[in-house]
Number of protein chains: 2
Amino acid sequence: MSKTVTPLSEIGLFGLIEHIEKTFPNRRSNTLCGIKNDASITGAEGDELVTAQNLLLEGIHFDLTYYPLRHLGYKTVVAGISDVIAAGVVPTHLSLALGLSSKMSLEAVELLMEGVAMACQKYELDLTGFRPSSSLTGLTISTSAFGFAPKGKTLNRSGAKENDLICVTGDFGAAFMGLQLLEREKQVMKETGQNDPDFGGYDYLLERQLKPEARIELLTQLQEAALEPTSMSLVREGLAAALLRLCKASGTGCNIYENKVPIDHSTSTLAEEMEINPLVAALNGGEDYEMLFTLSLDDYQKIEKEGKGLKDVFVIGHITPESKGYTLETNAGEEIELKARGWGNEENKN
Amino acid sequence: MSKTVTPLSEIGLFGLIEHIEKTFPNRRSNTLCGIKNDASITGAEGDELVTAQNLLLEGIHFDLTYYPLRHLGYKTVVAGISDVIAAGVVPTHLSLALGLSSKMSLEAVELLMEGVAMACQKYELDLTGFRPSSSLTGLTISTSAFGFAPKGKTLNRSGAKENDLICVTGDFGAAFMGLQLLEREKQVMKETGQNDPDFGGYDYLLERQLKPEARIELLTQLQEAALEPTSMSLVREGLAAALLRLCKASGTGCNIYENKVPIDHSTSTLAEEMEINPLVAALNGGEDYEMLFTLSLDDYQKIEKEGKGLKDVFVIGHITPESKGYTLETNAGEEIELKARGWGNEENKN
């Protein structure tokens, strides 16, 4: 089966915008213009605007040798909206700018945008901007996500108080182990020349790396339980880094428990197979796109009493005075200092 | 004199955010959090939100061998806010995401951000987002600009009507000729090994390429004259491309006059020296960051009668029925078809 490959030069910059616009219906009544417009215009439905920008760069955030473009498009949206969700706000609009290298054909852009469209449908977003550009330096994906909130209702990482419970959604380290698996199979393929990767039952890890989901349902759960976290943050560069930043912004310390950090069984299995400490993968792996938040003890006891716990939410420790530092209690009962990774994502790469 | 060069790994990703935050005071009362927050939160001061995203990529939009970083930071802001201005709206906030290659030191980022700060001061903007990331593929600069507007007061390119006058700000082709000059001197330096470029009196062209300004004062002028353009667009990829897109969006044709297209004397001089047709440079050069808009004849006659013309604004032709096509009347009285450049900015490159 031969694939059609249309160079982007054939359709042109403005032609591409028109072509893509057709595949993005507007769902929201406050979307006031299509992506053909250079500026996106949206009805301001709320007192406060919450926006977040995100950049995905070839070679740093994804490797096109194993990253399916449709999945990449989906992840683009998830990564793009997650910081708005972490502010406690439902994202409603997304704008996209692409740097397209000459190896990207029209069909490749279509695949990428199919993934974007799937995620926009799932998360009920309107795409209000699409700006393609040439790139000499690989595929560049930049998003800007928007949502509106009532006055004073946004969350940030600076409100945690002593004795608050530290809560997280989902589990950690799976996306990191998924990446290790993909890198390993890439290496094997390079050495053997055979294109027959062996992912042996680690579908969950691959999915967490290649097609993560955004934790938008947490907002609904919190609202239904009438809970207001004292602080919230996205976990993107590792749970440890997110927790340390939250504590520093709040002027507090923290204490978490090794045996409370949620780690999927397959994460541990592959980590052990690869001689990686599963806890290190969970704390420092990155790309989890899970939420970290703090709840007052009163609020927590309230939901406990009412018997309506939050689904897929786990308490991993509590906030302490700043003077106590940032500690992890291991299964052996040892107290060790929590540390975060350094600059960027390079440490994910070999 | 030895320059200090601090690798970014020394300060770290989050350290860089904190470092940069200190140099960006918030000027506007509706800026609700600093750049330390992952999401930017702004009071929604208006019925409609106008946003625009922009991407500047190394090798496509700038060449670091001759582009001073401070100028690049300034241009980043100008390029970022110009689409909001073209919507007839004063931009108030800007968010920035950077992909930083290992050749970028802390000092280099500081220079870039000094330029951003200068432009933020000039255009009265608050920086509400700053997201650095590693890059394997050169410097990547992504902006998202915001402004708020009263209901129904935004402009776009689709409202032009037959007989409307076609107006432009400033002059055209200068940034393109500035780029040619820089490329020529780069070539000379490569061949001779001497770092002694000869820009012989073409300061204006260099400035237009390296440090363009945004046409924000046009909005004030229009407001003071109580004028509402029927359509408006930024001229970024060349005057011809901008005009054709405006006409296509409005369902009209156009007729412009060669002798009305504003071209600076130095643009013509260098173009002739380099055997480039000055008109081609003006129509297709790109990166002018000027405004193109249409005014009804009534509106135009009104300001004419009142004797208060718009400063630095020129009428270059008029809107025709769609059936008449897109035409340019040359100085020789010939009528030729207006054509735009194709995909991206590659044609700027040699």
# chains A, B, ... in the order shown; residues from 1 in each chain; ligands from 1
$ select_by_dssp --residues "segment 89-261 of chain B" --states "strand (DSSP E or B)" --output "ChimeraX atom specification"
/B:93-100,105,126-134,140-149,165-169,231-235,252-257
$ interface_residues --of "chain B" --to "chain A" --cutoff "6 Å" --atoms "only C-alpha atoms" --output "PyMOL selection string"
chain B and resi 9+12-13+39-44+47-52+83-84+133-134+137+342-344
$ residues_around --residues "Glu107 of chain B" --least-positions-apart "2" --cutoff "10 Å" --atoms "only C-alpha atoms" --output "VMD selection string"
chain B and resid 3 to 8 104 to 105 109 to 113
$ write_last_selection --atoms "C-alpha atoms" --output "CSV table (one decimal), in the first residue's frame"
chain,number,residue,atom,x,y,z
B,3,LYS,CA,32.4,37.6,29.9
B,4,THR,CA,30.8,35.5,32.6
B,5,VAL,CA,29.1,32.5,31.2
B,6,THR,CA,26.8,30.6,33.6
B,7,PRO,CA,25.4,27.3,32.2
B,8,LEU,CA,21.6,27.1,32.7
B,104,MET,CA,22.3,29.5,25.7
B,105,SER,CA,23.8,30.6,29.0
B,109,VAL,CA,18.7,34.5,28.5
B,110,GLU,CA,19.1,37.6,30.5
B,111,LEU,CA,20.0,39.6,27.4
B,112,LEU,CA,17.0,38.2,25.6
B,113,MET,CA,14.7,39.0,28.5
$ select_by_dssp --residues "segment 138-336 of chain B" --states "helix (DSSP H, G or I)" --output "ChimeraX atom specification"
/B:174-192,203-210,217-224,239-250,258-260,265-273,278-284,297-305,322-324
$ residues_around --residues "Gly325 of chain A" --least-positions-apart "3" --cutoff "9 Å" --atoms "only C-alpha atoms" --output "PDB file with N, CA, C and O atoms, in the first residue's frame"
ATOM      1  N   THR A 252       6.205  25.991  53.599  1.00  0.00           N
ATOM      2  CA  THR A 252       6.001  24.855  54.505  1.00  0.00           C
ATOM      3  C   THR A 252       7.032  23.763  54.229  1.00  0.00           C
ATOM      4  O   THR A 252       7.798  23.834  53.267  1.00  0.00           O
ATOM      5  N   GLY A 253       7.029  22.755  55.075  1.00  0.00           N
ATOM      6  CA  GLY A 253       7.738  21.520  54.817  1.00  0.00           C
ATOM      7  C   GLY A 253       6.724  20.454  54.432  1.00  0.00           C
ATOM      8  O   GLY A 253       5.536  20.746  54.271  1.00  0.00           O
ATOM      9  N   CYS A 254       7.204  19.219  54.303  1.00  0.00           N
ATOM     10  CA  CYS A 254       6.276  18.123  54.016  1.00  0.00           C
ATOM     11  C   CYS A 254       6.874  16.807  54.497  1.00  0.00           C
ATOM     12  O   CYS A 254       8.086  16.688  54.674  1.00  0.00           O
ATOM     13  N   ASN A 255       5.995  15.862  54.701  1.00  0.00           N
ATOM     14  CA  ASN A 255       6.426  14.523  55.049  1.00  0.00           C
ATOM     15  C   ASN A 255       5.549  13.534  54.278  1.00  0.00           C
ATOM     16  O   ASN A 255       4.325  13.556  54.418  1.00  0.00           O
ATOM     17  N   THR A 320       4.081  19.933  56.805  1.00  0.00           N
ATOM     18  CA  THR A 320       4.723  20.183  58.103  1.00  0.00           C
ATOM     19  C   THR A 320       5.229  21.631  58.148  1.00  0.00           C
ATOM     20  O   THR A 320       5.185  22.332  57.125  1.00  0.00           O
ATOM     21  N   PRO A 321       5.684  22.092  59.312  1.00  0.00           N
ATOM     22  CA  PRO A 321       6.297  23.432  59.339  1.00  0.00           C
ATOM     23  C   PRO A 321       7.556  23.448  58.454  1.00  0.00           C
ATOM     24  O   PRO A 321       8.192  22.409  58.271  1.00  0.00           O
ATOM     25  N   GLU A 322       7.881  24.618  57.950  1.00  0.00           N
ATOM     26  CA  GLU A 322       9.022  24.772  57.043  1.00  0.00           C
ATOM     27  C   GLU A 322      10.306  24.217  57.672  1.00  0.00           C
ATOM     28  O   GLU A 322      11.133  23.609  56.995  1.00  0.00           O
ATOM     29  N   GLU A 337      15.779  12.846  52.976  1.00  0.00           N
ATOM     30  CA  GLU A 337      15.393  14.140  52.417  1.00  0.00           C
ATOM     31  C   GLU A 337      14.890  13.965  50.982  1.00  0.00           C
ATOM     32  O   GLU A 337      15.512  13.267  50.176  1.00  0.00           O
ATOM     33  N   LEU A 338      13.758  14.614  50.688  1.00  0.00           N
ATOM     34  CA  LEU A 338      13.221  14.598  49.328  1.00  0.00           C
ATOM     35  C   LEU A 338      14.048  15.529  48.454  1.00  0.00           C
ATOM     36  O   LEU A 338      14.288  16.678  48.830  1.00  0.00           O
TER      37      LEU A 338
END
$ residues_around --residues "Ile303 of chain A" --least-positions-apart "4" --cutoff "12 Å" --atoms "only C-alpha atoms" --output "JSON list (two decimals) with N, CA, C and O atoms, in the first residue's frame"
[["chain", "number", "residue", "atom", "x", "y", "z"],
["A", 221, "GLN", "N", -15.24, 16.13, 40.66],
["A", 221, "GLN", "CA", -15.30, 15.45, 41.96],
["A", 221, "GLN", "C", -15.20, 16.43, 43.13],
["A", 221, "GLN", "O", -15.94, 16.33, 44.11],
["A", 222, "LEU", "N", -14.25, 17.36, 43.01],
["A", 222, "LEU", "CA", -14.05, 18.34, 44.08],
["A", 222, "LEU", "C", -15.29, 19.20, 44.25],
["A", 222, "LEU", "O", -15.73, 19.50, 45.35],
["A", 224, "GLU", "N", -18.41, 18.46, 43.37],
["A", 224, "GLU", "CA", -19.53, 17.67, 43.89],
["A", 224, "GLU", "C", -19.39, 17.42, 45.40],
["A", 224, "GLU", "O", -20.38, 17.37, 46.13],
["A", 225, "ALA", "N", -18.14, 17.27, 45.86],
["A", 225, "ALA", "CA", -17.91, 17.05, 47.28],
["A", 225, "ALA", "C", -17.78, 18.37, 48.05],
["A", 225, "ALA", "O", -17.53, 18.37, 49.25],
["A", 226, "ALA", "N", -17.96, 19.49, 47.33],
["A", 226, "ALA", "CA", -17.84, 20.83, 47.93],
["A", 226, "ALA", "C", -16.50, 20.99, 48.66],
["A", 226, "ALA", "O", -16.42, 21.54, 49.75],
["A", 227, "LEU", "N", -15.45, 20.49, 48.02],
["A", 227, "LEU", "CA", -14.11, 20.57, 48.61],
["A", 227, "LEU", "C", -13.30, 21.65, 47.92],
["A", 227, "LEU", "O", -13.29, 21.75, 46.70],
["A", 228, "GLU", "N", -12.59, 22.44, 48.72],
["A", 228, "GLU", "CA", -11.66, 23.41, 48.12],
["A", 228, "GLU", "C", -10.25, 23.11, 48.58],
["A", 228, "GLU", "O", -9.90, 23.38, 49.72],
["A", 295, "LEU", "N", -5.38, 19.23, 51.12],
["A", 295, "LEU", "CA", -6.71, 19.40, 51.70],
["A", 295, "LEU", "C", -6.56, 19.64, 53.20],
["A", 295, "LEU", "O", -5.72, 19.01, 53.84],
["A", 296, "SER", "N", -7.38, 20.51, 53.75],
["A", 296, "SER", "CA", -7.36, 20.68, 55.21],
["A", 296, "SER", "C", -7.88, 19.40, 55.85],
["A", 296, "SER", "O", -8.68, 18.67, 55.26],
["A", 297, "LEU", "N", -7.40, 19.13, 57.05],
["A", 297, "LEU", "CA", -7.80, 17.91, 57.76],
["A", 297, "LEU", "C", -9.33, 17.90, 57.96],
["A", 297, "LEU", "O", -9.98, 16.86, 57.80],
["A", 298, "ASP", "N", -9.89, 19.06, 58.26],
["A", 298, "ASP", "CA", -11.35, 19.16, 58.43],
["A", 298, "ASP", "C", -12.09, 18.70, 57.18],
["A", 298, "ASP", "O", -13.04, 17.93, 57.25],
["A", 299, "ASP", "N", -11.64, 19.23, 56.04],
["A", 299, "ASP", "CA", -12.28, 18.87, 54.78],
["A", 299, "ASP", "C", -12.17, 17.37, 54.53],
["A", 299, "ASP", "O", -13.11, 16.73, 54.09],
["A", 307, "GLY", "N", -18.52, 9.29, 53.85],
["A", 307, "GLY", "CA", -18.28, 8.05, 53.12],
["A", 307, "GLY", "C", -18.11, 8.24, 51.63],
["A", 307, "GLY", "O", -18.17, 7.29, 50.86],
["A", 308, "LYS", "N", -17.92, 9.51, 51.17],
["A", 308, "LYS", "CA", -17.72, 9.69, 49.73],
["A", 308, "LYS", "C", -16.30, 10.16, 49.45],
["A", 308, "LYS", "O", -16.03, 11.33, 49.26],
["A", 309, "GLY", "N", -15.42, 9.20, 49.43],
["A", 309, "GLY", "CA", -14.03, 9.49, 49.10],
["A", 309, "GLY", "C", -13.91, 9.94, 47.65],
["A", 309, "GLY", "O", -14.83, 9.76, 46.85],
["A", 310, "LEU", "N", -12.78, 10.53, 47.34],
["A", 310, "LEU", "CA", -12.53, 10.95, 45.96],
["A", 310, "LEU", "C", -11.95, 9.76, 45.20],
["A", 310, "LEU", "O", -10.99, 9.14, 45.64],
["A", 311, "LYS", "N", -12.52, 9.49, 44.05],
["A", 311, "LYS", "CA", -12.09, 8.35, 43.24],
["A", 311, "LYS", "C", -10.68, 8.60, 42.69],
["A", 311, "LYS", "O", -10.38, 9.69, 42.21]]
$ residues_around --residues "Cys167 of chain B" --least-positions-apart "6" --cutoff "8 Å" --atoms "only C-alpha atoms" --output "number ranges by chain"
B: 292-295, 313-317
$ residues_around --residues "Ser250 of chain B" --least-positions-apart "3" --cutoff "6 Å" --atoms "only C-alpha atoms" --output "JSON list (two decimals) with N, CA and C atoms, in the first residue's frame"
[["chain", "number", "residue", "atom", "x", "y", "z"],
["B", 158, "SER", "N", -12.37, 40.29, 7.46],
["B", 158, "SER", "CA", -13.46, 39.90, 6.56],
["B", 158, "SER", "C", -14.54, 40.96, 6.31],
["B", 159, "GLY", "N", -14.32, 42.20, 6.76],
["B", 159, "GLY", "CA", -15.42, 43.16, 6.63],
["B", 159, "GLY", "C", -15.28, 44.19, 5.52],
["B", 160, "ALA", "N", -14.28, 44.05, 4.66],
["B", 160, "ALA", "CA", -14.07, 45.07, 3.61],
["B", 160, "ALA", "C", -15.22, 45.07, 2.62],
["B", 247, "CYS", "N", -8.94, 40.34, 1.10],
["B", 247, "CYS", "CA", -9.96, 40.37, 0.04],
["B", 247, "CYS", "C", -10.71, 39.05, -0.03]]
$ atom_distance --atom1 "atom CA of Val89 of chain B" --atom2 "atom CA of Ala117 of chain A"
29.1 Å
$ closest_residue --among "A:Lys153, A:Thr269, A:Leu246, A:Met232" --to "Gly201 of chain A" --atoms "only C-alpha atoms"
A:Thr269
$ closest_residue --among "B:Ile17, B:Ala340, B:Leu206, B:Leu69" --to "Leu179 of chain B" --atoms "only C-alpha atoms"
B:Leu206
$ closest_residue --among "A:Leu328, A:Leu218, A:Val168, A:Met189" --to "Val235 of chain A" --atoms "only C-alpha atoms"
A:Val168
